$ cat query_23.csv   # CSV, C-alpha atoms
chain,number,residue,atom,x,y,z
A,1,MET,CA,78.2,144.5,134.1
A,2,SER,CA,80.4,144.4,137.3
A,3,VAL,CA,84.0,145.5,137.4
A,4,GLN,CA,85.1,141.9,137.9
A,5,GLU,CA,83.1,140.7,134.9
A,6,ARG,CA,84.6,143.5,132.8
A,7,LYS,CA,88.1,142.5,133.9
A,8,GLN,CA,87.4,138.9,133.1
A,9,ARG,CA,86.2,139.8,129.7
A,10,GLU,CA,89.2,142.0,129.0
A,11,ARG,CA,91.5,139.2,130.2
A,12,ALA,CA,89.8,136.7,127.9
A,13,ASP,CA,90.1,139.2,125.0
A,14,ARG,CA,93.8,139.7,125.7
A,15,GLU,CA,94.4,135.9,125.8
A,16,ARG,CA,92.6,135.5,122.4
A,17,LEU,CA,94.7,138.3,121.0
A,18,ILE,CA,97.9,136.6,122.2
A,19,VAL,CA,97.0,133.3,120.7
A,20,ALA,CA,95.8,134.8,117.4
A,21,THR,CA,99.0,136.9,117.1
A,22,ALA,CA,101.2,133.9,117.9
A,23,ARG,CA,99.4,131.9,115.3
A,24,GLU,CA,99.6,134.6,112.7
A,25,LEU,CA,103.3,135.1,113.4
A,26,ALA,CA,104.0,131.3,113.3
A,27,GLU,CA,102.1,130.9,110.0
A,28,GLN,CA,104.0,133.8,108.4
A,29,GLN,CA,107.5,133.2,109.8
A,30,GLY,CA,107.6,129.9,111.6
A,31,TRP,CA,107.5,129.0,115.3
A,32,ASP,CA,111.1,130.2,115.8
A,33,ALA,CA,109.9,133.7,115.2
A,34,VAL,CA,107.3,133.5,118.0
A,35,THR,CA,108.9,134.9,121.1
A,36,THR,CA,107.3,136.6,124.1
A,37,ARG,CA,109.2,139.8,123.2
A,38,ARG,CA,107.9,139.8,119.6
A,39,LEU,CA,104.4,139.0,120.8
A,40,ALA,CA,104.5,141.8,123.4
A,41,GLU,CA,105.6,144.3,120.7
A,42,ARG,CA,102.9,143.1,118.2
A,43,ILE,CA,100.0,143.2,120.7
A,44,GLU,CA,101.3,146.3,122.4
A,45,TYR,CA,101.4,144.9,125.9
A,46,SER,CA,104.4,144.3,128.2
A,47,GLN,CA,106.0,140.9,128.5
A,48,PRO,CA,104.8,140.6,132.1
A,49,VAL,CA,101.2,140.9,130.8
A,50,LEU,CA,101.9,138.0,128.5
A,51,TYR,CA,103.4,136.0,131.3
A,52,SER,CA,100.2,136.7,133.4
A,53,HIS,CA,98.4,134.7,130.7
A,54,PHE,CA,100.9,132.0,129.7
A,55,LYS,CA,104.1,130.8,131.4
A,56,GLY,CA,105.9,130.9,128.1
A,57,LYS,CA,106.0,129.9,124.5
A,58,ARG,CA,105.2,126.3,125.3
A,59,GLU,CA,101.8,127.2,126.8
A,60,ILE,CA,101.1,129.5,123.8
A,61,ILE,CA,101.8,126.6,121.5
A,62,GLY,CA,99.4,124.5,123.5
A,63,ALA,CA,96.7,127.1,123.3
A,64,VAL,CA,97.2,127.3,119.5
A,65,ALA,CA,97.1,123.4,119.4
A,66,LEU,CA,93.8,123.3,121.3
A,67,GLN,CA,92.3,125.9,118.9
A,68,GLY,CA,93.6,123.9,115.9
A,69,ALA,CA,92.1,120.7,117.3
A,70,SER,CA,88.7,122.3,117.4
A,71,GLU,CA,89.0,123.6,113.9
A,72,LEU,CA,90.3,120.2,112.6
A,73,ALA,CA,87.3,118.4,114.2
A,74,ALA,CA,84.9,120.9,112.6
A,75,ALA,CA,86.5,120.6,109.2
A,76,VAL,CA,86.4,116.8,109.3
A,77,ARG,CA,82.8,116.7,110.5
A,78,ALA,CA,81.7,119.2,107.8
A,79,ALA,CA,83.4,117.2,105.1
A,80,THR,CA,82.0,113.9,106.2
A,81,ALA,CA,78.5,115.2,106.7
A,82,LYS,CA,78.3,116.1,103.0
A,83,ALA,CA,79.5,112.7,101.8
A,84,ASP,CA,77.1,109.8,101.0
A,85,GLY,CA,78.2,106.3,102.0
A,86,PRO,CA,81.2,104.9,103.9
A,87,ARG,CA,83.8,105.2,101.1
A,88,ALA,CA,82.8,108.8,100.4
A,89,ARG,CA,82.9,109.7,104.1
A,90,VAL,CA,86.4,108.2,104.6
A,91,THR,CA,87.7,109.8,101.5
A,92,ALA,CA,86.2,113.2,102.5
A,93,LEU,CA,87.7,112.8,106.0
A,94,ALA,CA,91.2,112.1,104.6
A,95,LEU,CA,91.0,115.0,102.1
A,96,ALA,CA,89.7,117.4,104.8
A,97,TYR,CA,92.5,116.3,107.2
A,98,LEU,CA,95.2,116.8,104.5
A,99,ASP,CA,93.8,120.1,103.4
A,100,TYR,CA,93.7,121.4,107.0
A,101,ALA,CA,97.4,120.3,107.4
A,102,ALA,CA,98.4,122.0,104.2
A,103,ASP,CA,96.4,125.2,104.9
A,104,ASN,CA,97.5,125.6,108.5
A,105,PRO,CA,101.1,124.3,108.7
A,106,ALA,CA,102.0,126.2,111.9
A,107,VAL,CA,98.9,125.1,113.7
A,108,TYR,CA,99.4,121.5,112.5
A,109,ASP,CA,102.9,121.7,113.9
A,110,ALA,CA,101.5,123.0,117.2
A,111,LEU,CA,99.1,120.0,117.3
A,112,PHE,CA,101.4,117.2,116.2
A,113,GLN,CA,105.1,118.2,116.1
A,114,LEU,CA,105.8,120.7,118.9
A,115,ASP,CA,105.7,120.5,122.7
A,116,GLY,CA,102.7,122.5,123.8
A,117,GLY,CA,102.7,120.8,127.2
A,118,LEU,CA,99.5,118.9,126.4
A,119,PRO,CA,98.9,115.3,127.3
A,120,TYR,CA,97.8,113.1,124.4
A,121,ALA,CA,96.1,109.7,124.6
A,122,ARG,CA,95.6,109.9,128.4
A,123,GLU,CA,92.6,110.4,130.8
A,124,ASP,CA,93.6,114.0,131.3
A,125,THR,CA,93.9,114.8,127.6
A,126,PRO,CA,92.1,118.2,127.0
A,127,GLU,CA,88.6,117.9,125.5
A,128,PRO,CA,89.4,119.6,122.1
A,129,LEU,CA,92.1,116.9,121.5
A,130,LYS,CA,89.8,114.1,122.4
A,131,ASP,CA,87.1,115.6,120.2
A,132,ALA,CA,89.5,115.9,117.2
A,133,PHE,CA,90.3,112.2,117.6
A,134,ALA,CA,86.6,111.4,118.0
A,135,SER,CA,85.8,113.3,114.8
A,136,LEU,CA,88.1,110.8,113.0
A,137,GLN,CA,86.8,107.7,114.8
A,138,GLU,CA,83.1,108.6,114.2
A,139,THR,CA,83.7,107.9,110.5
A,140,LEU,CA,86.5,105.3,110.7
A,141,ALA,CA,84.8,103.0,113.2
A,142,GLU,CA,82.2,102.1,110.5
A,143,VAL,CA,85.0,100.8,108.2
A,144,ALA,CA,87.4,99.3,110.7
A,145,GLY,CA,86.2,95.7,110.3
A,146,GLU,CA,84.5,93.3,112.7
A,147,ASP,CA,87.5,92.1,114.7
A,148,VAL,CA,89.4,95.4,114.7
A,149,HIS,CA,89.2,97.9,117.6
A,150,PRO,CA,87.9,101.2,116.2
A,151,GLY,CA,90.3,103.3,118.3
A,152,MET,CA,93.3,101.3,117.1
A,153,PHE,CA,92.1,101.5,113.5
A,154,THR,CA,91.6,105.2,113.8
A,155,GLU,CA,95.2,105.5,115.2
A,156,LEU,CA,96.6,103.6,112.2
A,157,PHE,CA,94.6,105.6,109.7
A,158,TRP,CA,95.5,108.9,111.4
A,159,ALA,CA,99.2,107.9,111.4
A,160,SER,CA,98.9,107.3,107.7
A,161,LEU,CA,97.3,110.7,107.1
A,162,HIS,CA,99.9,112.3,109.3
A,163,GLY,CA,102.7,110.7,107.3
A,164,LEU,CA,101.1,111.8,104.0
A,165,ALA,CA,100.6,115.4,105.4
A,166,THR,CA,104.2,115.6,106.6
A,167,LEU,CA,105.9,114.0,103.6
A,168,THR,CA,103.8,116.2,101.2
A,169,ARG,CA,104.7,119.4,103.0
A,170,THR,CA,108.4,118.5,103.0
A,171,ARG,CA,108.2,117.7,99.3
A,172,ARG,CA,109.2,114.1,99.8
A,173,LEU,CA,106.3,112.8,97.6
A,174,LEU,CA,105.5,113.5,94.0
A,175,PRO,CA,103.2,116.4,93.6
A,176,GLY,CA,99.7,116.0,92.2
A,177,ASP,CA,99.0,112.5,93.5
A,178,ALA,CA,97.2,113.4,96.8
A,179,VAL,CA,93.8,112.1,95.7
A,180,ARG,CA,95.2,108.9,94.3
A,181,ARG,CA,97.1,108.3,97.5
A,182,VAL,CA,94.0,108.8,99.5
A,183,GLU,CA,92.0,106.4,97.3
A,184,LEU,CA,94.7,103.8,97.7
A,185,LEU,CA,94.7,104.3,101.5
A,186,VAL,CA,91.0,103.9,101.7
A,187,ASP,CA,91.0,100.9,99.4
A,188,ARG,CA,93.7,99.1,101.4
A,189,LEU,CA,92.8,99.9,105.0
A,190,ALA,CA,89.0,100.4,105.1
A,191,VAL,CA,86.6,97.4,105.1
A,192,LEU,CA,83.9,98.6,102.7
$ encode --input "query_23.csv" --output "structure tokens"
Amino acid sequence: MSVQERKQRERADRERLIVATARELAEQQGWDAVTTRRLAERIEYSQPVLYSHFKGKREIIGAVALQGASELAAAVRAATAKADGPRARVTALALAYLDYAADNPAVYDALFQLDGGLPYAREDTPEPLKDAFASLQETLAEVAGEDVHPGMFTELFWASLHGLATLTRTRRLLPGDAVRRVELLVDRLAVL
């Protein structure tokens, strides 16, 4: 291995460490606790080293969001692959999405609440974000209905899931009804 290859590998390892540490700190204490100073202390590198990887917190949030988008897409695809039939796939998709949001609140915030400097719903949207949307649309397109654009239906269903995830997390909904809410959502929106 050449010196340049070793340096590139070390740089990539440092970047992964920064993102993992930021994510861990955000999940434990919230995004307000994530500062370049605290990250530098935790990973035992200087702040200039952090800045050589990321311009600041915004770009770190963006990196966590991209990682989260890949994980969300994988979780949705794994759940829907196990389901038999359109209704079961849509229900599995919804429950996997809500579970991911509940299990990874800081990552979910990085994806959908915070400014990570990432463009959404544009040509230059990063591939992991496009793939997360595609993971939803793959299942939802089959239940959108004949005269309904699959992308628009996916946006509507996703917005409903986002509302459920957000309202559940902030304790604005009665606990224990998540599955019944999903069943109602599937019954009312999906053409089965």
$ residues_around --input "query_23.csv" --residues "range 121-127 of chain A" --least-positions-apart "2" --cutoff "12 Å" --atoms "all atoms listed in the file" --output "PyMOL selection string"
chain A and resi 62-63+65-67+69-70+73+116-119+129-135+151-152+155
$ closest_atom_pairs --input "query_23.csv" --of "range 41-135 of chain A" --to "range 5-16 of chain A" --cutoff "10 Å" --atoms "all atoms listed in the file" --output "tab-separated table"
residue	atom	partner	partner_atom	distance
A:Ile43	CA	A:Arg14	CA	8.7
A:Tyr45	CA	A:Arg14	CA	9.2
A:Val49	CA	A:Arg14	CA	9.1
A:Leu50	CA	A:Glu15	CA	8.2
A:Ser52	CA	A:Glu15	CA	9.6
A:His53	CA	A:Glu15	CA	6.4
A:Phe54	CA	A:Glu15	CA	8.5
A:Ile60	CA	A:Glu15	CA	9.5
A:Ala63	CA	A:Arg16	CA	9.4
A:Val64	CA	A:Arg16	CA	9.8
$ closest_residue --input "query_23.csv" --among "A:Val90, A:Val182, A:Val19, A:Ala96" --to "Ala74 in chain A" --atoms "all atoms listed in the file"
A:Ala96
$ closest_residue --input "query_23.csv" --among "A:Gly30, A:Gly85, A:Gly56, A:Gly176" --to "Val143 in chain A" --atoms "all atoms listed in the file"
A:Gly85
$ residues_near_point --input "query_23.csv" --point "(108.7, 132.9, 125.9)" --cutoff "8 Å" --atoms "only C-alpha atoms" --output "NGL selection string"
:A and (35-37 or 55-58)
$ atom_distance --input "query_23.csv" --atom1 "CA of Pro128 in chain A" --atom2 "CA of Leu111 in chain A"
10.8 Å
$ atom_distance --input "query_23.csv" --atom1 "CA of Thr166 in chain A" --atom2 "CA of Pro105 in chain A"
9.5 Å
$ residues_near_point --input "query_23.csv" --point "(79.6, 101.8, 107.6)" --cutoff "12 Å" --atoms "only C-alpha atoms" --output "short mmCIF file (atom, residue, chain, number, x, y, z; two decimals) with C-alpha atoms, in the coordinates of the input"
data_model
loop_
_atom_site.label_atom_id
_atom_site.label_comp_id
_atom_site.auth_asym_id
_atom_site.auth_seq_id
_atom_site.Cartn_x
_atom_site.Cartn_y
_atom_site.Cartn_z
CA ASP A 84 77.10 109.80 101.00
CA GLY A 85 78.20 106.30 102.00
CA PRO A 86 81.20 104.90 103.90
CA ARG A 87 83.80 105.20 101.10
CA ALA A 88 82.80 108.80 100.40
CA ARG A 89 82.90 109.70 104.10
CA VAL A 90 86.40 108.20 104.60
CA GLN A 137 86.80 107.70 114.80
CA GLU A 138 83.10 108.60 114.20
CA THR A 139 83.70 107.90 110.50
CA LEU A 140 86.50 105.30 110.70
CA ALA A 141 84.80 103.00 113.20
CA GLU A 142 82.20 102.10 110.50
CA VAL A 143 85.00 100.80 108.20
CA ALA A 144 87.40 99.30 110.70
CA GLY A 145 86.20 95.70 110.30
CA GLU A 146 84.50 93.30 112.70
CA PRO A 150 87.90 101.20 116.20
CA ALA A 190 89.00 100.40 105.10
CA VAL A 191 86.60 97.40 105.10
CA LEU A 192 83.90 98.60 102.70
#
$ decode --input "query_23.csv" --residues "range 170-182 of chain A" --atoms "all heavy atoms" --output "PDB file, in the first residue's frame"
ATOM      1  N   THR A 170     -43.258  13.305  20.358  1.00  0.00           N
ATOM      2  CA  THR A 170     -43.508  14.450  21.237  1.00  0.00           C
ATOM      3  C   THR A 170     -44.714  14.221  22.144  1.00  0.00           C
ATOM      4  O   THR A 170     -45.203  15.153  22.768  1.00  0.00           O
ATOM      5  CB  THR A 170     -43.700  15.742  20.416  1.00  0.00           C
ATOM      6  OG1 THR A 170     -44.769  15.552  19.486  1.00  0.00           O
ATOM      7  CG2 THR A 170     -42.418  16.111  19.665  1.00  0.00           C
ATOM      8  N   ARG A 171     -45.174  12.985  22.173  1.00  0.00           N
ATOM      9  CA  ARG A 171     -46.265  12.553  23.047  1.00  0.00           C
ATOM     10  C   ARG A 171     -47.553  13.350  22.827  1.00  0.00           C
ATOM     11  O   ARG A 171     -48.259  13.686  23.764  1.00  0.00           O
ATOM     12  CB  ARG A 171     -45.831  12.614  24.503  1.00  0.00           C
ATOM     13  CG  ARG A 171     -44.708  11.641  24.828  1.00  0.00           C
ATOM     14  CD  ARG A 171     -44.325  11.704  26.301  1.00  0.00           C
ATOM     15  NE  ARG A 171     -43.339  10.715  26.647  1.00  0.00           N
ATOM     16  CZ  ARG A 171     -42.024  10.912  26.565  1.00  0.00           C
ATOM     17  NH1 ARG A 171     -41.550  12.046  26.140  1.00  0.00           N
ATOM     18  NH2 ARG A 171     -41.185   9.970  26.927  1.00  0.00           N
ATOM     19  N   ARG A 172     -47.836  13.635  21.560  1.00  0.00           N
ATOM     20  CA  ARG A 172     -49.078  14.333  21.208  1.00  0.00           C
ATOM     21  C   ARG A 172     -50.187  13.351  20.845  1.00  0.00           C
ATOM     22  O   ARG A 172     -51.324  13.756  20.634  1.00  0.00           O
ATOM     23  CB  ARG A 172     -48.868  15.265  20.016  1.00  0.00           C
ATOM     24  CG  ARG A 172     -48.106  16.563  20.124  1.00  0.00           C
ATOM     25  CD  ARG A 172     -47.736  17.065  21.435  1.00  0.00           C
ATOM     26  NE  ARG A 172     -47.157  18.404  21.427  1.00  0.00           N
ATOM     27  CZ  ARG A 172     -45.938  18.675  21.842  1.00  0.00           C
ATOM     28  NH1 ARG A 172     -45.141  17.709  22.246  1.00  0.00           N
ATOM     29  NH2 ARG A 172     -45.521  19.915  21.874  1.00  0.00           N
ATOM     30  N   LEU A 173     -49.843  12.073  20.732  1.00  0.00           N
ATOM     31  CA  LEU A 173     -50.824  11.037  20.410  1.00  0.00           C
ATOM     32  C   LEU A 173     -50.931  10.063  21.569  1.00  0.00           C
ATOM     33  O   LEU A 173     -49.958   9.867  22.317  1.00  0.00           O
ATOM     34  CB  LEU A 173     -50.397  10.274  19.154  1.00  0.00           C
ATOM     35  CG  LEU A 173     -50.240  11.093  17.874  1.00  0.00           C
ATOM     36  CD1 LEU A 173     -49.708  10.210  16.756  1.00  0.00           C
ATOM     37  CD2 LEU A 173     -51.548  11.734  17.469  1.00  0.00           C
ATOM     38  N   LEU A 174     -52.091   9.447  21.703  1.00  0.00           N
ATOM     39  CA  LEU A 174     -52.267   8.452  22.756  1.00  0.00           C
ATOM     40  C   LEU A 174     -51.316   7.278  22.522  1.00  0.00           C
ATOM     41  O   LEU A 174     -51.186   6.802  21.386  1.00  0.00           O
ATOM     42  CB  LEU A 174     -53.705   7.944  22.774  1.00  0.00           C
ATOM     43  CG  LEU A 174     -54.767   8.953  23.201  1.00  0.00           C
ATOM     44  CD1 LEU A 174     -56.161   8.369  22.977  1.00  0.00           C
ATOM     45  CD2 LEU A 174     -54.583   9.343  24.657  1.00  0.00           C
ATOM     46  N   PRO A 175     -50.645   6.832  23.568  1.00  0.00           N
ATOM     47  CA  PRO A 175     -49.713   5.708  23.390  1.00  0.00           C
ATOM     48  C   PRO A 175     -50.468   4.401  23.118  1.00  0.00           C
ATOM     49  O   PRO A 175     -51.627   4.244  23.484  1.00  0.00           O
ATOM     50  CB  PRO A 175     -48.978   5.659  24.736  1.00  0.00           C
ATOM     51  CG  PRO A 175     -49.898   6.310  25.708  1.00  0.00           C
ATOM     52  CD  PRO A 175     -50.699   7.316  24.936  1.00  0.00           C
ATOM     53  N   GLY A 176     -49.793   3.502  22.471  1.00  0.00           N
ATOM     54  CA  GLY A 176     -50.327   2.160  22.284  1.00  0.00           C
ATOM     55  C   GLY A 176     -51.195   1.963  21.050  1.00  0.00           C
ATOM     56  O   GLY A 176     -51.675   0.864  20.822  1.00  0.00           O
ATOM     57  N   ASP A 177     -51.424   3.000  20.269  1.00  0.00           N
ATOM     58  CA  ASP A 177     -52.288   2.867  19.099  1.00  0.00           C
ATOM     59  C   ASP A 177     -51.537   2.911  17.775  1.00  0.00           C
ATOM     60  O   ASP A 177     -52.145   3.116  16.722  1.00  0.00           O
ATOM     61  CB  ASP A 177     -53.349   3.975  19.099  1.00  0.00           C
ATOM     62  CG  ASP A 177     -54.396   3.789  20.188  1.00  0.00           C
ATOM     63  OD1 ASP A 177     -54.617   2.637  20.601  1.00  0.00           O
ATOM     64  OD2 ASP A 177     -54.994   4.796  20.605  1.00  0.00           O
ATOM     65  N   ALA A 178     -50.242   2.731  17.794  1.00  0.00           N
ATOM     66  CA  ALA A 178     -49.434   2.883  16.575  1.00  0.00           C
ATOM     67  C   ALA A 178     -49.886   1.935  15.474  1.00  0.00           C
ATOM     68  O   ALA A 178     -50.064   2.354  14.328  1.00  0.00           O
ATOM     69  CB  ALA A 178     -47.957   2.674  16.882  1.00  0.00           C
ATOM     70  N   VAL A 179     -50.106   0.681  15.798  1.00  0.00           N
ATOM     71  CA  VAL A 179     -50.487  -0.297  14.777  1.00  0.00           C
ATOM     72  C   VAL A 179     -51.868   0.035  14.222  1.00  0.00           C
ATOM     73  O   VAL A 179     -52.088  -0.017  13.006  1.00  0.00           O
ATOM     74  CB  VAL A 179     -50.428  -1.737  15.337  1.00  0.00           C
ATOM     75  CG1 VAL A 179     -50.997  -2.737  14.349  1.00  0.00           C
ATOM     76  CG2 VAL A 179     -48.993  -2.115  15.692  1.00  0.00           C
ATOM     77  N   ARG A 180     -52.809   0.424  15.085  1.00  0.00           N
ATOM     78  CA  ARG A 180     -54.147   0.786  14.609  1.00  0.00           C
ATOM     79  C   ARG A 180     -54.100   2.024  13.715  1.00  0.00           C
ATOM     80  O   ARG A 180     -54.833   2.123  12.732  1.00  0.00           O
ATOM     81  CB  ARG A 180     -55.090   0.994  15.794  1.00  0.00           C
ATOM     82  CG  ARG A 180     -55.437  -0.333  16.441  1.00  0.00           C
ATOM     83  CD  ARG A 180     -56.549  -0.349  17.449  1.00  0.00           C
ATOM     84  NE  ARG A 180     -57.278   0.878  17.668  1.00  0.00           N
ATOM     85  CZ  ARG A 180     -57.574   1.350  18.880  1.00  0.00           C
ATOM     86  NH1 ARG A 180     -57.186   0.704  19.958  1.00  0.00           N
ATOM     87  NH2 ARG A 180     -58.271   2.456  19.008  1.00  0.00           N
ATOM     88  N   ARG A 181     -53.246   2.977  14.046  1.00  0.00           N
ATOM     89  CA  ARG A 181     -53.095   4.169  13.187  1.00  0.00           C
ATOM     90  C   ARG A 181     -52.568   3.780  11.810  1.00  0.00           C
ATOM     91  O   ARG A 181     -53.034   4.290  10.792  1.00  0.00           O
ATOM     92  CB  ARG A 181     -52.160   5.178  13.837  1.00  0.00           C
ATOM     93  CG  ARG A 181     -52.766   5.934  14.964  1.00  0.00           C
ATOM     94  CD  ARG A 181     -51.836   7.050  15.458  1.00  0.00           C
ATOM     95  NE  ARG A 181     -52.331   7.542  16.709  1.00  0.00           N
ATOM     96  CZ  ARG A 181     -51.925   7.141  17.917  1.00  0.00           C
ATOM     97  NH1 ARG A 181     -50.948   6.256  18.010  1.00  0.00           N
ATOM     98  NH2 ARG A 181     -52.464   7.637  18.999  1.00  0.00           N
ATOM     99  N   VAL A 182     -51.581   2.898  11.796  1.00  0.00           N
ATOM    100  CA  VAL A 182     -51.012   2.447  10.523  1.00  0.00           C
ATOM    101  C   VAL A 182     -52.073   1.711   9.712  1.00  0.00           C
ATOM    102  O   VAL A 182     -52.216   1.935   8.503  1.00  0.00           O
ATOM    103  CB  VAL A 182     -49.759   1.575  10.753  1.00  0.00           C
ATOM    104  CG1 VAL A 182     -49.368   0.824   9.485  1.00  0.00           C
ATOM    105  CG2 VAL A 182     -48.602   2.432  11.244  1.00  0.00           C
TER     106      VAL A 182
END
